[in-house]
$ cat upload_12.cif   # mmCIF, C-alpha atoms
data_start
loop_
_atom_site.group_PDB
_atom_site.id
_atom_site.type_symbol
_atom_site.label_atom_id
_atom_site.label_comp_id
_atom_site.auth_asym_id
_atom_site.auth_seq_id
_atom_site.Cartn_x
_atom_site.Cartn_y
_atom_site.Cartn_z
ATOM 1 C CA MET C 174 18.982 65.583 -8.159
ATOM 2 C CA ALA C 175 15.540 64.462 -9.293
ATOM 3 C CA HIS C 176 13.350 62.052 -7.367
ATOM 4 C CA ILE C 177 12.339 59.396 -9.893
ATOM 5 C CA PHE C 178 9.093 57.554 -9.236
ATOM 6 C CA CYS C 179 7.242 54.937 -11.271
ATOM 7 C CA ILE C 180 3.461 54.964 -11.123
ATOM 8 C CA ALA C 181 2.756 51.255 -11.431
ATOM 9 C CA ASN C 182 0.209 48.545 -10.801
ATOM 10 C CA GLN C 183 0.040 45.220 -12.626
ATOM 11 C CA LYS C 184 -3.753 45.416 -12.530
ATOM 12 C CA GLY C 185 -5.233 47.440 -15.390
ATOM 13 C CA GLY C 186 -7.869 50.139 -15.040
ATOM 14 C CA VAL C 187 -6.798 51.410 -11.623
ATOM 15 C CA GLY C 188 -6.042 54.987 -12.644
ATOM 16 C CA LYS C 189 -2.263 54.862 -13.241
ATOM 17 C CA THR C 190 -2.345 57.370 -16.079
ATOM 18 C CA THR C 191 -4.849 59.644 -14.321
ATOM 19 C CA THR C 192 -2.586 59.574 -11.275
ATOM 20 C CA THR C 193 0.571 60.270 -13.299
ATOM 21 C CA VAL C 194 -0.697 63.304 -15.222
ATOM 22 C CA ASN C 195 -2.548 64.817 -12.254
ATOM 23 C CA LEU C 196 0.390 64.296 -9.906
ATOM 24 C CA ALA C 197 2.668 65.913 -12.511
ATOM 25 C CA ALA C 198 0.313 68.893 -12.802
ATOM 26 C CA GLY C 199 -0.147 69.007 -9.027
ATOM 27 C CA LEU C 200 3.602 69.037 -8.406
ATOM 28 C CA ALA C 201 4.018 71.769 -11.026
ATOM 29 C CA ALA C 202 1.239 73.731 -9.291
ATOM 30 C CA VAL C 203 3.184 73.692 -6.013
ATOM 31 C CA GLY C 204 6.349 74.930 -7.706
ATOM 32 C CA GLN C 205 8.217 71.740 -8.619
ATOM 33 C CA ARG C 206 10.105 71.115 -11.857
ATOM 34 C CA VAL C 207 8.593 67.973 -13.381
ATOM 35 C CA LEU C 208 9.309 65.594 -16.245
ATOM 36 C CA MET C 209 6.539 63.096 -17.064
ATOM 37 C CA ILE C 210 7.594 60.004 -19.023
ATOM 38 C CA ASP C 211 5.008 57.915 -20.865
ATOM 39 C CA LEU C 212 6.180 54.287 -21.133
ATOM 40 C CA ASP C 213 2.849 52.936 -22.380
ATOM 41 C CA PRO C 214 2.547 52.470 -26.190
ATOM 42 C CA GLN C 215 -1.087 53.620 -25.963
ATOM 43 C CA GLY C 216 0.247 57.107 -25.257
ATOM 44 C CA ASN C 217 -2.638 58.076 -22.978
ATOM 45 C CA ALA C 218 -0.454 60.070 -20.560
ATOM 46 C CA THR C 219 0.979 61.930 -23.564
ATOM 47 C CA MET C 220 -2.451 62.848 -24.900
ATOM 48 C CA GLY C 221 -3.641 63.678 -21.357
ATOM 49 C CA SER C 222 -0.825 66.231 -21.139
ATOM 50 C CA GLY C 223 -2.109 68.118 -24.167
ATOM 51 C CA VAL C 224 0.496 66.607 -26.510
ATOM 52 C CA ASP C 225 -0.722 64.923 -29.728
ATOM 53 C CA LYS C 226 1.120 61.586 -29.878
ATOM 54 C CA ARG C 227 0.565 61.455 -33.665
ATOM 55 C CA GLN C 228 2.545 64.672 -34.093
ATOM 56 C CA LEU C 229 5.624 63.633 -32.109
ATOM 57 C CA THR C 230 8.804 63.752 -34.177
ATOM 58 C CA LEU C 231 10.807 62.156 -31.360
ATOM 59 C CA SER C 232 9.520 60.037 -28.476
ATOM 60 C CA VAL C 233 10.653 57.805 -25.618
ATOM 61 C CA TYR C 234 11.082 55.116 -28.304
ATOM 62 C CA ASP C 235 13.973 57.082 -29.829
ATOM 63 C CA VAL C 236 15.495 57.616 -26.382
ATOM 64 C CA LEU C 237 15.398 53.883 -25.575
ATOM 65 C CA LEU C 238 17.045 53.041 -28.902
ATOM 66 C CA GLU C 239 19.615 55.793 -28.273
ATOM 67 C CA SER C 240 18.838 57.680 -31.467
ATOM 68 C CA ALA C 241 17.838 60.782 -29.471
ATOM 69 C CA SER C 242 18.514 62.270 -26.053
ATOM 70 C CA VAL C 243 15.850 63.171 -23.485
ATOM 71 C CA ALA C 244 16.643 66.856 -24.066
ATOM 72 C CA GLU C 245 15.938 66.414 -27.797
ATOM 73 C CA ALA C 246 12.769 64.347 -27.406
ATOM 74 C CA ARG C 247 10.960 66.137 -24.563
ATOM 75 C CA VAL C 248 8.203 68.660 -25.196
ATOM 76 C CA ARG C 249 6.196 70.962 -22.935
ATOM 77 C CA SER C 250 2.655 70.114 -21.866
ATOM 78 C CA GLN C 251 0.221 72.198 -23.900
ATOM 79 C CA TRP C 252 -3.109 73.381 -22.542
ATOM 80 C CA GLY C 253 -4.559 75.808 -25.065
ATOM 81 C CA GLU C 254 -7.980 77.068 -24.007
ATOM 82 C CA THR C 255 -9.282 75.606 -20.745
ATOM 83 C CA PRO C 256 -12.395 76.278 -18.665
ATOM 84 C CA SER C 257 -10.168 77.639 -15.890
ATOM 85 C CA GLN C 258 -8.892 81.197 -16.091
ATOM 86 C CA LYS C 259 -6.188 80.635 -13.495
ATOM 87 C CA ALA C 260 -2.494 80.265 -14.326
ATOM 88 C CA LYS C 261 -1.952 76.756 -15.619
ATOM 89 C CA PRO C 262 0.933 74.660 -14.294
ATOM 90 C CA THR C 263 2.998 72.988 -17.022
ATOM 91 C CA TYR C 264 5.626 70.264 -17.073
ATOM 92 C CA ASP C 265 7.915 68.509 -19.551
ATOM 93 C CA VAL C 266 6.691 65.412 -21.360
ATOM 94 C CA LEU C 267 8.713 62.559 -22.842
ATOM 95 C CA GLY C 268 5.895 61.194 -24.932
ATOM 96 C CA ALA C 269 4.959 57.818 -26.369
ATOM 97 C CA ASN C 270 3.076 56.561 -29.405
ATOM 98 C CA ARG C 271 2.593 53.290 -31.286
ATOM 99 C CA ASP C 272 6.292 53.149 -32.208
ATOM 100 C CA LEU C 273 6.941 52.148 -28.610
ATOM 101 C CA ALA C 274 5.203 48.794 -29.115
ATOM 102 C CA GLY C 275 8.089 47.814 -31.409
ATOM 103 C CA ALA C 276 10.691 48.724 -28.812
ATOM 104 C CA GLU C 277 9.727 45.653 -26.815
ATOM 105 C CA VAL C 278 11.064 43.373 -29.541
ATOM 106 C CA GLU C 279 13.956 45.602 -30.608
ATOM 107 C CA LEU C 280 15.356 45.924 -27.081
ATOM 108 C CA VAL C 281 15.585 42.177 -26.496
ATOM 109 C CA GLY C 282 18.805 41.730 -28.451
ATOM 110 C CA LEU C 283 20.514 44.932 -27.323
ATOM 111 C CA GLU C 284 23.112 45.490 -24.619
ATOM 112 C CA ARG C 285 22.082 47.212 -21.390
ATOM 113 C CA ARG C 286 18.488 46.729 -22.499
ATOM 114 C CA GLU C 287 16.926 47.286 -19.069
ATOM 115 C CA LYS C 288 19.189 50.243 -18.134
ATOM 116 C CA ARG C 289 18.767 52.447 -21.200
ATOM 117 C CA LEU C 290 16.249 54.838 -19.692
ATOM 118 C CA LYS C 291 18.363 55.181 -16.556
ATOM 119 C CA GLN C 292 21.405 56.211 -18.577
ATOM 120 C CA ALA C 293 19.388 58.663 -20.667
ATOM 121 C CA LEU C 294 17.884 60.334 -17.588
ATOM 122 C CA ALA C 295 21.299 60.829 -16.006
ATOM 123 C CA GLU C 296 21.913 63.641 -18.514
ATOM 124 C CA VAL C 297 18.895 65.704 -17.397
ATOM 125 C CA ASP C 298 18.628 64.609 -13.766
ATOM 126 C CA ALA C 299 19.734 67.974 -12.382
ATOM 127 C CA GLU C 300 17.066 69.882 -14.330
ATOM 128 C CA TYR C 301 14.105 68.419 -12.411
ATOM 129 C CA ASP C 302 12.788 67.962 -8.902
ATOM 130 C CA PHE C 303 10.556 65.038 -9.900
ATOM 131 C CA ILE C 304 10.531 62.567 -12.772
ATOM 132 C CA LEU C 305 7.303 60.557 -12.978
ATOM 133 C CA ILE C 306 7.058 57.439 -15.143
ATOM 134 C CA ASP C 307 3.706 56.062 -16.310
ATOM 135 C CA CYS C 308 4.235 52.299 -16.677
ATOM 136 C CA PRO C 309 2.154 49.832 -18.699
ATOM 137 C CA PRO C 310 0.178 47.301 -16.636
ATOM 138 C CA SER C 311 2.268 44.313 -17.728
ATOM 139 C CA LEU C 312 5.768 43.479 -16.500
ATOM 140 C CA SER C 313 7.488 44.153 -19.817
ATOM 141 C CA MET C 314 10.891 45.400 -20.929
ATOM 142 C CA LEU C 315 9.387 48.890 -20.883
ATOM 143 C CA THR C 316 8.213 48.558 -17.285
ATOM 144 C CA LEU C 317 11.591 47.086 -16.372
ATOM 145 C CA ASN C 318 13.350 50.151 -17.795
ATOM 146 C CA GLY C 319 11.157 52.313 -15.596
ATOM 147 C CA LEU C 320 11.755 50.238 -12.466
ATOM 148 C CA CYS C 321 15.523 50.110 -13.052
ATOM 149 C CA CYS C 322 15.899 53.890 -12.947
ATOM 150 C CA ALA C 323 13.350 54.683 -10.227
ATOM 151 C CA HIS C 324 13.957 55.418 -6.560
ATOM 152 C CA GLY C 325 10.533 54.102 -5.734
ATOM 153 C CA VAL C 326 7.088 53.066 -6.874
ATOM 154 C CA VAL C 327 3.822 54.855 -6.185
ATOM 155 C CA VAL C 328 0.954 52.368 -6.380
ATOM 156 C CA PRO C 329 -2.499 53.735 -7.197
ATOM 157 C CA MET C 330 -5.184 51.275 -6.195
ATOM 158 C CA GLN C 331 -8.891 50.998 -5.763
ATOM 159 C CA CYS C 332 -10.104 49.735 -2.433
ATOM 160 C CA GLU C 333 -11.608 46.536 -3.807
ATOM 161 C CA TYR C 334 -10.946 42.878 -3.076
ATOM 162 C CA PHE C 335 -9.147 41.945 -6.304
ATOM 163 C CA ALA C 336 -6.897 44.997 -5.985
ATOM 164 C CA LEU C 337 -5.256 43.340 -2.981
ATOM 165 C CA GLU C 338 -4.285 40.331 -5.090
ATOM 166 C CA GLY C 339 -2.753 42.563 -7.752
ATOM 167 C CA LEU C 340 -0.833 44.419 -5.061
ATOM 168 C CA THR C 341 0.786 41.180 -3.878
ATOM 169 C CA ASP C 342 2.031 40.468 -7.419
ATOM 170 C CA LEU C 343 3.461 43.973 -7.759
ATOM 171 C CA VAL C 344 5.256 43.856 -4.404
ATOM 172 C CA ASN C 345 6.876 40.554 -5.422
ATOM 173 C CA THR C 346 8.009 42.081 -8.722
ATOM 174 C CA ILE C 347 9.502 45.085 -6.923
ATOM 175 C CA LYS C 348 11.378 42.750 -4.562
ATOM 176 C CA GLN C 349 12.876 40.866 -7.529
ATOM 177 C CA VAL C 350 13.975 44.051 -9.297
ATOM 178 C CA HIS C 351 15.385 45.377 -6.012
ATOM 179 C CA ALA C 352 17.410 42.204 -5.485
ATOM 180 C CA ASN C 353 18.753 41.874 -9.018
ATOM 181 C CA LEU C 354 18.750 45.209 -10.837
ATOM 182 C CA ASN C 355 18.083 48.267 -8.660
ATOM 183 C CA ARG C 356 18.980 48.349 -4.983
ATOM 184 C CA ASP C 357 17.303 51.774 -4.595
ATOM 185 C CA LEU C 358 13.861 50.513 -5.582
ATOM 186 C CA LYS C 359 11.112 50.277 -2.988
ATOM 187 C CA VAL C 360 7.418 50.926 -2.560
ATOM 188 C CA ILE C 361 7.111 54.613 -1.726
ATOM 189 C CA GLY C 362 3.450 54.467 -0.933
ATOM 190 C CA LEU C 363 -0.060 53.319 -1.805
ATOM 191 C CA LEU C 364 -2.520 55.889 -3.105
ATOM 192 C CA ARG C 365 -6.193 55.146 -2.644
ATOM 193 C CA VAL C 366 -8.014 56.288 -5.808
ATOM 194 C CA MET C 367 -11.613 56.345 -7.092
ATOM 195 C CA PHE C 368 -12.650 56.156 -3.467
ATOM 196 C CA ASP C 369 -16.299 56.268 -2.436
ATOM 197 C CA PRO C 370 -16.693 56.347 1.358
ATOM 198 C CA ARG C 371 -20.365 55.321 1.039
ATOM 199 C CA ILE C 372 -19.325 51.824 -0.065
ATOM 200 C CA THR C 373 -18.682 49.702 3.008
ATOM 201 C CA LEU C 374 -16.292 47.308 1.238
ATOM 202 C CA GLN C 375 -14.053 50.174 0.121
ATOM 203 C CA GLN C 376 -13.847 51.451 3.675
ATOM 204 C CA GLN C 377 -13.002 47.931 4.916
ATOM 205 C CA VAL C 378 -10.248 47.447 2.318
ATOM 206 C CA SER C 379 -8.891 50.914 3.125
ATOM 207 C CA ASP C 380 -8.703 49.956 6.801
ATOM 208 C CA GLN C 381 -6.928 46.689 5.861
ATOM 209 C CA LEU C 382 -4.358 48.605 3.844
ATOM 210 C CA LYS C 383 -3.676 50.988 6.722
ATOM 211 C CA ALA C 384 -3.376 48.085 9.173
ATOM 212 C CA HIS C 385 -0.974 46.117 6.967
ATOM 213 C CA PHE C 386 1.110 48.864 5.334
ATOM 214 C CA GLY C 387 0.919 51.603 7.984
ATOM 215 C CA ASP C 388 2.562 54.849 6.900
ATOM 216 C CA LYS C 389 3.206 53.412 3.423
ATOM 217 C CA VAL C 390 -0.404 54.390 2.729
ATOM 218 C CA PHE C 391 -0.592 58.048 1.719
ATOM 219 C CA ASN C 392 -2.862 60.174 3.878
ATOM 220 C CA THR C 393 -4.436 61.776 0.816
ATOM 221 C CA ILE C 394 -7.386 59.917 -0.699
ATOM 222 C CA ILE C 395 -8.491 60.608 -4.291
ATOM 223 C CA PRO C 396 -12.296 60.534 -4.455
ATOM 224 C CA ARG C 397 -14.337 59.176 -7.346
ATOM 225 C CA ASN C 398 -14.913 62.356 -9.339
ATOM 226 C CA VAL C 399 -16.744 63.069 -12.604
ATOM 227 C CA ARG C 400 -14.504 66.031 -13.518
ATOM 228 C CA LEU C 401 -11.363 63.887 -13.274
ATOM 229 C CA ALA C 402 -13.004 61.374 -15.613
ATOM 230 C CA GLU C 403 -14.016 64.077 -18.110
ATOM 231 C CA ALA C 404 -10.642 65.822 -18.281
ATOM 232 C CA PRO C 405 -8.768 63.349 -20.571
ATOM 233 C CA SER C 406 -11.321 63.866 -23.363
ATOM 234 C CA TYR C 407 -10.105 67.482 -23.440
ATOM 235 C CA GLY C 408 -6.431 66.442 -23.382
ATOM 236 C CA LEU C 409 -6.012 67.856 -19.886
ATOM 237 C CA PRO C 410 -5.257 66.669 -16.359
ATOM 238 C CA GLY C 411 -8.173 67.289 -14.003
ATOM 239 C CA VAL C 412 -5.934 69.672 -12.029
ATOM 240 C CA VAL C 413 -5.849 71.950 -15.100
ATOM 241 C CA PHE C 414 -9.337 71.206 -16.475
ATOM 242 C CA ASP C 415 -11.174 72.097 -13.274
ATOM 243 C CA PRO C 416 -8.897 73.124 -10.383
ATOM 244 C CA SER C 417 -11.906 73.579 -8.080
ATOM 245 C CA ALA C 418 -13.134 69.966 -8.428
ATOM 246 C CA LYS C 419 -12.733 67.748 -5.372
ATOM 247 C CA GLY C 420 -10.573 65.276 -7.305
ATOM 248 C CA SER C 421 -8.287 68.035 -8.582
ATOM 249 C CA GLN C 422 -7.868 69.524 -5.125
ATOM 250 C CA ALA C 423 -7.082 66.043 -3.787
ATOM 251 C CA PHE C 424 -4.281 65.609 -6.335
ATOM 252 C CA VAL C 425 -2.753 68.978 -5.426
ATOM 253 C CA ALA C 426 -2.918 67.901 -1.776
ATOM 254 C CA PHE C 427 -1.267 64.611 -2.761
ATOM 255 C CA ALA C 428 1.496 66.506 -4.571
ATOM 256 C CA GLN C 429 2.082 68.578 -1.445
ATOM 257 C CA GLU C 430 2.214 65.399 0.647
ATOM 258 C CA MET C 431 4.811 63.944 -1.744
ATOM 259 C CA VAL C 432 6.990 67.038 -1.404
ATOM 260 C CA GLU C 433 6.696 66.939 2.379
ATOM 261 C CA ARG C 434 7.582 63.237 2.490
ATOM 262 C CA ILE C 435 10.725 63.556 0.360
ATOM 263 C CA PRO C 436 13.164 63.943 3.295
ATOM 264 C CA THR C 437 12.034 60.535 4.623
ATOM 265 C CA LEU C 438 11.630 58.748 1.275
ATOM 266 C CA ARG C 439 15.294 58.591 0.326
ATOM 267 C CA GLY C 440 16.549 57.468 3.703
#

$ encode --input "upload_12.cif" --output "structure tokens"
Amino acid sequence: MAHIFCIANQKGGVGKTTTTVNLAAGLAAVGQRVLMIDLDPQGNATMGSGVDKRQLTLSVYDVLLESASVAEARVRSQWGETPSQKAKPTYDVLGANRDLAGAEVELVGLERREKRLKQALAEVDAEYDFILIDCPPSLSMLTLNGLCCAHGVVVPMQCEYFALEGLTDLVNTIKQVHANLNRDLKVIGLLRVMFDPRITLQQQVSDQLKAHFGDKVFNTIIPRNVRLAEAPSYGLPGVVFDPSAKGSQAFVAFAQEMVERIPTLRG
């Protein structure tokens, strides 16, 4: 049975997509079977997995409207030529493109509108160890579909003052979905990203997070890293683009931490 996690934060620009694709590649690198689902109409996680969103014949849009199954719509991440000569970890991708923007309106009048992704994933659940869902920053019908099928939420966040305010909003949203739609849903953990230990404020906010959330804060910290930032322009996760980069190694370490935490996460 797959562990289904949303990567979510209602604040934009905090590295949700970078976290999703690099965690997917990191988990694949440590031997896990992974499906990455892109629920953002911008399709950045799709493109960052080496899949051209403009060439998709079927996408998550078709799955949500029940005109295709996950098995029919998924594709394999595609790396082509990369700077690294090492074996490249791959994972399955349920991609997104601009069609998904229309799903928001089309789902409103349909039955089971917030549970459609959950029902679709039930058919392939046994084929994966992890299913990761990249959510848009807004609380939309798309995000709701992700939250309704997830066992938990991984929250990437920068250690900055306004990030704490956004975190409060997200925790409240998760509580509402937990109470009304998905009793399994909870915050799995907070991942500190784009971290620069030289900045005093970031260190202070990091300490506040640890004091308030305790072991809900992942031990792994993702540093601010140029190679991670460059990778998407090549259609690659940093873990594949430059496995030796500090940011890439941090994501593989994070993937390992996720695997190690699994026995306690579902309790």

$ resolve_selection --input "upload_12.cif" --expression "the PyMOL selection byres ((chain C and resi 361) around 12)" --output "number ranges by chain"
C: 176-181, 323-329, 344, 347, 357-360, 362-364, 386-391, 431, 434-435, 437-440

$ resolve_selection --input "upload_12.cif" --expression "the PyMOL selection byres ((chain C and resi 214-228) around 6)" --output "PyMOL selection string"
chain C and resi 190+211+213+229+250-252+268-271+273-274+405+408-409

$ atom_distance --input "upload_12.cif" --atom1 "atom CA of Tyr301 of chain C" --atom2 "atom CA of Asn353 of chain C"
27.2 Å

$ atom_distance --input "upload_12.cif" --atom1 "atom CA of Asp302 of chain C" --atom2 "atom CA of Arg206 of chain C"
5.1 Å

$ resolve_selection --input "upload_12.cif" --expression "the PyMOL selection byres ((chain C and resi 287) around 8)" --output "JSON, numbers by chain"
{"C": [285, 286, 288, 289, 290, 314, 315, 317, 318, 321]}

$ atom_distance --input "upload_12.cif" --atom1 "atom CA of Gln183 of chain C" --atom2 "atom CA of Ser232 of chain C"
23.7 Å

$ axis_aligned_box --input "upload_12.cif" --around "segment 368-372 of chain C" --padding-each-side "8 Å" --output "AutoDock Vina command-line options"
--center_x -16.5 --center_y 54.1 --center_z -1.1 --size_x 23.7 --size_y 20.5 --size_z 20.8

$ closest_residue --input "upload_12.cif" --among "C:Glu239, C:Leu200, C:Gly319, C:Pro410" --to "Glu284 of chain C" --atoms "only C-alpha atoms"
C:Glu239

$ closest_residue --input "upload_12.cif" --among "C:Met174, C:Arg247, C:Tyr264, C:Thr191" --to "Arg400 of chain C" --atoms "all atoms listed in the file"
C:Thr191

$ closest_residue --input "upload_12.cif" --among "C:Phe335, C:Val378, C:Ile210, C:Lys291" --to "Leu354 of chain C" --atoms "only C-alpha atoms"
C:Lys291

$ residues_around --input "upload_12.cif" --residues "Ala202 of chain C" --least-positions-apart "2" --cutoff "9 Å" --atoms "only C-alpha atoms" --output "PDB file with C-alpha atoms, in the frame of the given file"
ATOM      1  CA  ALA C 197       2.668  65.913 -12.511  1.00  0.00           C
ATOM      2  CA  ALA C 198       0.313  68.893 -12.802  1.00  0.00           C
ATOM      3  CA  GLY C 199      -0.147  69.007  -9.027  1.00  0.00           C
ATOM      4  CA  LEU C 200       3.602  69.037  -8.406  1.00  0.00           C
ATOM      5  CA  GLY C 204       6.349  74.930  -7.706  1.00  0.00           C
ATOM      6  CA  GLN C 205       8.217  71.740  -8.619  1.00  0.00           C
ATOM      7  CA  LYS C 261      -1.952  76.756 -15.619  1.00  0.00           C
ATOM      8  CA  PRO C 262       0.933  74.660 -14.294  1.00  0.00           C
ATOM      9  CA  THR C 263       2.998  72.988 -17.022  1.00  0.00           C
ATOM     10  CA  VAL C 412      -5.934  69.672 -12.029  1.00  0.00           C
ATOM     11  CA  VAL C 425      -2.753  68.978  -5.426  1.00  0.00           C
ATOM     12  CA  ALA C 428       1.496  66.506  -4.571  1.00  0.00           C
TER      13      ALA C 428
END

$ decode --input "upload_12.cif" --residues "segment 393-411 of chain C" --atoms "N, CA, C and O atoms" --output "mmCIF file, in the first residue's frame"
data_model
loop_
_atom_site.group_PDB
_atom_site.id
_atom_site.type_symbol
_atom_site.label_atom_id
_atom_site.label_comp_id
_atom_site.auth_asym_id
_atom_site.auth_seq_id
_atom_site.Cartn_x
_atom_site.Cartn_y
_atom_site.Cartn_z
ATOM 1 N N THR C 393 16.562 16.738 8.289
ATOM 2 C CA THR C 393 17.265 17.180 7.086
ATOM 3 C C THR C 393 16.918 18.636 6.774
ATOM 4 O O THR C 393 15.757 19.042 6.850
ATOM 5 N N ILE C 394 17.932 19.397 6.414
ATOM 6 C CA ILE C 394 17.749 20.788 5.988
ATOM 7 C C ILE C 394 18.256 20.903 4.549
ATOM 8 O O ILE C 394 19.350 20.420 4.223
ATOM 9 N N ILE C 395 17.442 21.517 3.681
ATOM 10 C CA ILE C 395 17.838 21.705 2.280
ATOM 11 C C ILE C 395 18.503 23.076 2.144
ATOM 12 O O ILE C 395 17.848 24.107 2.344
ATOM 13 N N PRO C 396 19.783 23.106 1.813
ATOM 14 C CA PRO C 396 20.470 24.402 1.732
ATOM 15 C C PRO C 396 20.109 25.171 0.466
ATOM 16 O O PRO C 396 19.639 24.586 -0.520
ATOM 17 N N ARG C 397 20.290 26.484 0.506
ATOM 18 C CA ARG C 397 20.179 27.279 -0.720
ATOM 19 C C ARG C 397 21.309 26.835 -1.642
ATOM 20 O O ARG C 397 22.478 26.811 -1.251
ATOM 21 N N ASN C 398 20.959 26.465 -2.882
ATOM 22 C CA ASN C 398 21.939 25.794 -3.739
ATOM 23 C C ASN C 398 21.716 26.168 -5.201
ATOM 24 O O ASN C 398 20.615 26.009 -5.726
ATOM 25 N N VAL C 399 22.767 26.668 -5.846
ATOM 26 C CA VAL C 399 22.665 27.137 -7.231
ATOM 27 C C VAL C 399 22.304 25.988 -8.171
ATOM 28 O O VAL C 399 21.500 26.145 -9.093
ATOM 29 N N ARG C 400 22.857 24.805 -7.953
ATOM 30 C CA ARG C 400 22.610 23.675 -8.857
ATOM 31 C C ARG C 400 21.149 23.232 -8.809
ATOM 32 O O ARG C 400 20.584 22.839 -9.835
ATOM 33 N N LEU C 401 20.536 23.288 -7.630
ATOM 34 C CA LEU C 401 19.102 22.979 -7.542
ATOM 35 C C LEU C 401 18.288 23.971 -8.348
ATOM 36 O O LEU C 401 17.288 23.623 -8.976
ATOM 37 N N ALA C 402 18.701 25.252 -8.312
ATOM 38 C CA ALA C 402 17.981 26.295 -9.036
ATOM 39 C C ALA C 402 18.167 26.168 -10.545
ATOM 40 O O ALA C 402 17.261 26.485 -11.327
ATOM 41 N N GLU C 403 19.317 25.676 -10.974
ATOM 42 C CA GLU C 403 19.598 25.536 -12.408
ATOM 43 C C GLU C 403 18.875 24.349 -13.032
ATOM 44 O O GLU C 403 18.498 24.379 -14.210
ATOM 45 N N ALA C 404 18.695 23.300 -12.259
ATOM 46 C CA ALA C 404 18.208 22.018 -12.796
ATOM 47 C C ALA C 404 16.898 22.116 -13.593
ATOM 48 O O ALA C 404 16.790 21.494 -14.660
ATOM 49 N N PRO C 405 15.863 22.860 -13.121
ATOM 50 C CA PRO C 405 14.605 22.879 -13.869
ATOM 51 C C PRO C 405 14.736 23.384 -15.303
ATOM 52 O O PRO C 405 13.974 22.971 -16.183
ATOM 53 N N SER C 406 15.708 24.264 -15.564
ATOM 54 C CA SER C 406 15.877 24.771 -16.933
ATOM 55 C C SER C 406 16.343 23.670 -17.884
ATOM 56 O O SER C 406 16.243 23.807 -19.105
ATOM 57 N N TYR C 407 16.830 22.568 -17.317
ATOM 58 C CA TYR C 407 17.227 21.405 -18.118
ATOM 59 C C TYR C 407 16.153 20.309 -18.087
ATOM 60 O O TYR C 407 16.361 19.226 -18.632
ATOM 61 N N GLY C 408 15.020 20.599 -17.417
ATOM 62 C CA GLY C 408 13.963 19.598 -17.298
ATOM 63 C C GLY C 408 14.360 18.433 -16.416
ATOM 64 O O GLY C 408 13.983 17.279 -16.677
ATOM 65 N N LEU C 409 15.123 18.735 -15.354
ATOM 66 C CA LEU C 409 15.643 17.690 -14.482
ATOM 67 C C LEU C 409 15.498 18.084 -13.015
ATOM 68 O O LEU C 409 15.601 19.265 -12.683
ATOM 69 N N PRO C 410 15.292 17.103 -12.129
ATOM 70 C CA PRO C 410 15.477 17.375 -10.701
ATOM 71 C C PRO C 410 16.966 17.570 -10.431
ATOM 72 O O PRO C 410 17.816 17.011 -11.133
ATOM 73 N N GLY C 411 17.296 18.340 -9.401
ATOM 74 C CA GLY C 411 18.697 18.523 -9.043
ATOM 75 C C GLY C 411 19.383 17.209 -8.732
ATOM 76 O O GLY C 411 20.575 17.020 -9.031
#
